[in-house]
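S.K.: Just passing along the structure, written as structure tokens.
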Amino acid sequence: MRYFLEMAYNGTRFTGWQRQPAGGGVQNLVESALATLLRQPVEVTGCGRTDTGVHASYYVLHFDGPESLEPAALVQKLNRFTGPDVAFFRLSEVAHEAHARYDAVLRSYVYHVDLGKNPFRRETAFHFPFFDRLDLEKMNAAAALLLEYEDFAPFCKTHSDVKTMKCLLRRSEWEVNRSEGRLVYHISANRFLRGMVRLIVGQCLNIGLGKSNLEELRRSLDRQSPLEKAWTVPAEGLFLCEVKYPYEF
């Protein structure tokens, strides 16, 4: 029987989603917990990879297990067994061919930028105390410009083994919450390249600071050439927040 398991995790103390030989990946933790509780080896497949320090407020994985599982009871046991940095929400039976990664049609990320120092958000937001220097109109213009393109080689980390740079963006915009001193970048697409969102946020901030401009961004996208002033912002502000499928489960 195949199951989809919905969960969330604080990525600060993990080496990313992916299983690592020495442990430390979220996948290592989930597989170990399931193997212990089900008393058999379990291999899980996630909806995507997140880098070291990146979080997921919503994540989906699948695994094959016995038909006799009680979903609510297993979720409760997983939450007791796995510590404070992960949370499990729901376990659902799905069709045997359902695939958490390949069947996903939309993924959404948010990136949190705190303009003031906040000790309670130091693991989950990027502290950037230069709000008065930012041109928010230019930042949103840069975000909107991305929606005109489908190829994103300038926003892929080097040494990536992907076969295509095509991504179909559905949303790219900045939200400003002045009362809380916070900026949030929203982006949705069918897929993402390695390091893509953090490079986009860095480019938007550079444009907002006047260190780069829209013409340079357009030139890089037209030519599919490296950014002139590439900046990968820190991992702590990034969250995978939504994954959509063409079916209910």
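Within each chain, counting starts at residue 1; across the structure tokens, chains are named A, B, ... in the order shown, with ligands numbered 1 upward in that order.
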What lies within 10 Å of A:Arg182 using only C-alpha atoms, ignoring chain neighbours under 5 positions off, as a compact mmCIF listing (two decimals) with N, CA and C atoms, in the first residue's frame?
M.R.:
# COMPACT_ATOMS: atom_id res chain seq x y z
N HIS A 112 11.40 35.17 4.08
CA HIS A 112 11.12 36.18 5.08
C HIS A 112 12.36 37.05 5.33
N VAL A 113 12.16 38.35 5.24
CA VAL A 113 13.21 39.33 5.53
C VAL A 113 12.73 40.19 6.69
N ASP A 114 13.41 40.13 7.82
CA ASP A 114 13.08 40.97 8.96
C ASP A 114 13.96 42.21 8.94
N LEU A 115 13.33 43.37 9.06
CA LEU A 115 14.06 44.63 8.99
C LEU A 115 14.62 45.05 10.35
N GLY A 116 14.12 44.44 11.40
CA GLY A 116 14.64 44.68 12.74
C GLY A 116 15.14 43.39 13.35
N ALA A 125 14.13 33.76 9.70
CA ALA A 125 14.06 34.97 8.89
C ALA A 125 15.46 35.54 8.74
N PHE A 126 15.68 36.25 7.64
CA PHE A 126 16.95 36.91 7.37
C PHE A 126 16.88 38.34 7.89
N HIS A 127 17.75 38.67 8.85
CA HIS A 127 17.78 40.03 9.41
C HIS A 127 18.52 40.95 8.44
N PHE A 128 17.78 41.95 7.91
CA PHE A 128 18.33 42.86 6.91
C PHE A 128 17.92 44.29 7.30
N PHE A 131 16.15 48.74 5.42
CA PHE A 131 14.87 49.00 4.76
C PHE A 131 14.84 50.39 4.12
N GLU A 175 5.74 41.17 -0.75
CA GLU A 175 4.71 41.68 0.15
C GLU A 175 5.41 42.49 1.25
N VAL A 176 4.89 43.67 1.54
CA VAL A 176 5.50 44.54 2.53
C VAL A 176 4.57 44.67 3.73
N ASN A 177 5.07 44.36 4.92
CA ASN A 177 4.32 44.55 6.15
C ASN A 177 5.09 45.55 7.00
S.K.: Find the residues around A:Ser68 up to 12 Å (only C-alpha atoms counted), leave out those fewer than 6 positions away in its own chain, and share them as a ChimeraX atom specification.
M.R.: /A:1-3,38,74,93
S.K.: Given the selection you just returned, output its residues as a file containing N, CA and C atoms, formatted as a compact mmCIF listing (two decimals), in the first residue's frame.
M.R.:
# COMPACT_ATOMS: atom_id res chain seq x y z
N MET A 1 0.85 -1.19 0.00
CA MET A 1 0.00 0.00 0.00
C MET A 1 0.89 1.25 0.00
N ARG A 2 0.53 2.22 -0.83
CA ARG A 2 1.30 3.47 -0.88
C ARG A 2 0.59 4.54 -0.05
N TYR A 3 1.41 5.34 0.64
CA TYR A 3 0.88 6.39 1.50
C TYR A 3 1.56 7.72 1.19
N LEU A 38 7.36 0.69 12.22
CA LEU A 38 6.74 -0.35 11.39
C LEU A 38 7.51 -1.67 11.44
N LEU A 74 -0.46 6.32 13.63
CA LEU A 74 0.94 6.40 13.20
C LEU A 74 1.43 7.84 13.24
N GLU A 93 -3.88 7.10 2.37
CA GLU A 93 -3.70 6.06 1.37
C GLU A 93 -3.88 6.68 -0.01
S.K.: Nearest to A:Lys166 among A:Ala35, A:Met7, A:Ile187, A:Leu221, with distances taken over only C-alpha atoms: which residue is it?
M.R.: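 Looking at the shortest contact to A:Lys166, the residue is A:Leu221.
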S.K.: Name all residues at most 9 Å from A:Tyr245 (count only C-alpha atoms; drop same-chain ones fewer than 4 positions away) and give them as a list of chain:residue names.
M.R.: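 Skipping anything fewer than 4 positions along the chain leaves A:Ala100, A:Asp103, A:Ala104, A:Val105, A:Leu106, A:Phe249.
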S.K.: Please, which residues of stretch 64-227 of chain A, numbered as in this document, come out strand (DSSP E or B) from DSSP, as a PyMOL selection string?
M.R.: chain A and resi 64+86-94+106-114+126-127+151+166+169-177+182-189
S.K.: Give me a file of those residues, with C-alpha atoms, as a PDB file, in the first residue's frame.
M.R.:
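The resulting selection.pdb:
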ATOM      1  CA  ASP A  64       5.108   1.906   0.753  1.00  0.00           C
ATOM      2  CA  VAL A  86       9.590  18.107  12.765  1.00  0.00           C
ATOM      3  CA  ALA A  87       5.811  17.792  12.838  1.00  0.00           C
ATOM      4  CA  PHE A  88       3.580  15.306  11.041  1.00  0.00           C
ATOM      5  CA  PHE A  89       0.051  16.257  10.018  1.00  0.00           C
ATOM      6  CA  ARG A  90      -1.718  13.571   8.024  1.00  0.00           C
ATOM      7  CA  LEU A  91      -1.206  10.129   6.497  1.00  0.00           C
ATOM      8  CA  SER A  92      -3.325   9.182   3.475  1.00  0.00           C
ATOM      9  CA  GLU A  93      -3.699   6.057   1.371  1.00  0.00           C
ATOM     10  CA  VAL A  94      -3.091   6.831  -2.313  1.00  0.00           C
ATOM     11  CA  LEU A 106       2.950  23.440  -8.310  1.00  0.00           C
ATOM     12  CA  ARG A 107       5.370  24.313  -5.537  1.00  0.00           C
ATOM     13  CA  SER A 108       5.420  27.577  -3.588  1.00  0.00           C
ATOM     14  CA  TYR A 109       8.124  29.169  -1.458  1.00  0.00           C
ATOM     15  CA  VAL A 110       8.238  32.240   0.758  1.00  0.00           C
ATOM     16  CA  TYR A 111      11.325  34.105   1.886  1.00  0.00           C
ATOM     17  CA  HIS A 112      11.122  36.182   5.079  1.00  0.00           C
ATOM     18  CA  VAL A 113      13.213  39.325   5.531  1.00  0.00           C
ATOM     19  CA  ASP A 114      13.080  40.973   8.960  1.00  0.00           C
ATOM     20  CA  PHE A 126      16.951  36.913   7.371  1.00  0.00           C
ATOM     21  CA  HIS A 127      17.782  40.028   9.407  1.00  0.00           C
ATOM     22  CA  ASP A 151      14.496  29.670 -18.761  1.00  0.00           C
ATOM     23  CA  LYS A 166      12.864  25.685 -17.790  1.00  0.00           C
ATOM     24  CA  LEU A 169       6.480  30.610 -12.862  1.00  0.00           C
ATOM     25  CA  ARG A 170       2.963  31.384 -11.673  1.00  0.00           C
ATOM     26  CA  ARG A 171       3.712  33.982  -8.989  1.00  0.00           C
ATOM     27  CA  SER A 172       6.626  36.273  -8.176  1.00  0.00           C
ATOM     28  CA  GLU A 173       6.030  39.265  -5.918  1.00  0.00           C
ATOM     29  CA  TRP A 174       7.066  41.059  -2.750  1.00  0.00           C
ATOM     30  CA  GLU A 175       4.714  41.684   0.153  1.00  0.00           C
ATOM     31  CA  VAL A 176       5.499  44.544   2.534  1.00  0.00           C
ATOM     32  CA  ASN A 177       4.320  44.547   6.151  1.00  0.00           C
ATOM     33  CA  ARG A 182       8.902  42.570   7.465  1.00  0.00           C
ATOM     34  CA  LEU A 183       9.266  41.811   3.761  1.00  0.00           C
ATOM     35  CA  VAL A 184       8.068  38.513   2.313  1.00  0.00           C
ATOM     36  CA  TYR A 185       8.866  37.264  -1.177  1.00  0.00           C
ATOM     37  CA  HIS A 186       6.333  34.862  -2.722  1.00  0.00           C
ATOM     38  CA  ILE A 187       7.142  32.588  -5.649  1.00  0.00           C
ATOM     39  CA  SER A 188       5.277  29.655  -7.213  1.00  0.00           C
ATOM     40  CA  ALA A 189       6.294  27.420 -10.118  1.00  0.00           C
TER      41      ALA A 189
END
S.K.: Output as JSON lines one row per residue of stretch 212-242 of chain A within 12 Å of stretch 13-22 of chain A: the closest atom pair and its distance in Å to one decimal place, counting only C-alpha atoms, sorted by chain and residue number ascending.
M.R.:
{"residue": "A:Ala235", "atom": "CA", "partner": "A:Gly16", "partner_atom": "CA", "distance": 10.3}
{"residue": "A:Glu236", "atom": "CA", "partner": "A:Arg13", "partner_atom": "CA", "distance": 10.8}
{"residue": "A:Phe239", "atom": "CA", "partner": "A:Gly16", "partner_atom": "CA", "distance": 11.9}
{"residue": "A:Leu240", "atom": "CA", "partner": "A:Trp17", "partner_atom": "CA", "distance": 11.4}
S.K.: List as a list in words the protein and nucleic acid residues near A:Tyr9, meaning an atom at most 6 Å away when only C-alpha atoms are counted, but skip any in the same chain fewer than 6 places from it.
M.R.: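 Result of the neighbour search: His55, Ala56, Asp85 and Val86 of chain A.
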S.K.: What's the separation between atom CA of A:Arg80 and atom CA of A:Arg122, in Å to one decimal place?
M.R.: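 Atom CA of A:Arg122 lies 25.7 Å from atom CA of A:Arg80.
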S.K.: How many Å lie between atom CA of A:Glu215 and atom CA of A:Arg178, rounded to one decimal?
M.R.: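 Result for atom CA of A:Glu215 versus atom CA of A:Arg178: 28.2 Å, one decimal.
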S.K.: Can you pull out the residues contacting A:Val60? Cut-off 9 Å, using only C-alpha atoms, and skip same-chain residues under 3 positions away; I want them as a PyMOL selection string.
M.R.: chain A and resi 4-8+45-48+100-101+243
S.K.: Name the residues in contact with A:Asn206 at a cut-off of 9 Å, using only C-alpha atoms, excluding same-chain residues fewer than 6 positions from it; report them as a ChimeraX atom specification.
M.R.: /A:134,139,212-213,229-231
S.K.: Which of these, A:Cys167, A:Leu69, A:Val162, A:Ala142, has the shortest distance to A:Gly208 once you count only C-alpha atoms?
M.R.: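 For A:Gly208, the nearest of the candidates is A:Ala142.
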S.K.: My list of candidates is A:Gln203, A:Thr12, A:Ser57, A:Asn190. Which is closest to A:Val233 when distances are computed with only C-alpha atoms?
M.R.: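 Closest candidate: A:Gln203.
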S.K.: Within 12 Å of A:Phe155, counting only C-alpha atoms, which residues show up once you throw out same-chain ones fewer than 6 positions away? Write them as a VMD selection string, please.
M.R.: chain A and resid 146 149 165 to 167 192 to 204 217 220 to 221 224 to 232
S.K.: Using DSSP on the backbone, list every residue of stretch 2-188 of chain A that comes out as alpha helix (DSSP H), and give them as a PyMOL selection string.
M.R.: chain A and resi 26-38+71-81+136-145
S.K.: Using atom CA of A:Phe152 and atom CA of A:Arg218 as the two end points, give the distance in Å to one decimal.
M.R.: 11.3 Å
S.K.: Find, counting only C-alpha atoms, the residue in A:Lys244, A:Leu78, A:Tyr59, A:Gly65 that gets nearest to A:Glu43.
M.R.: A:Gly65
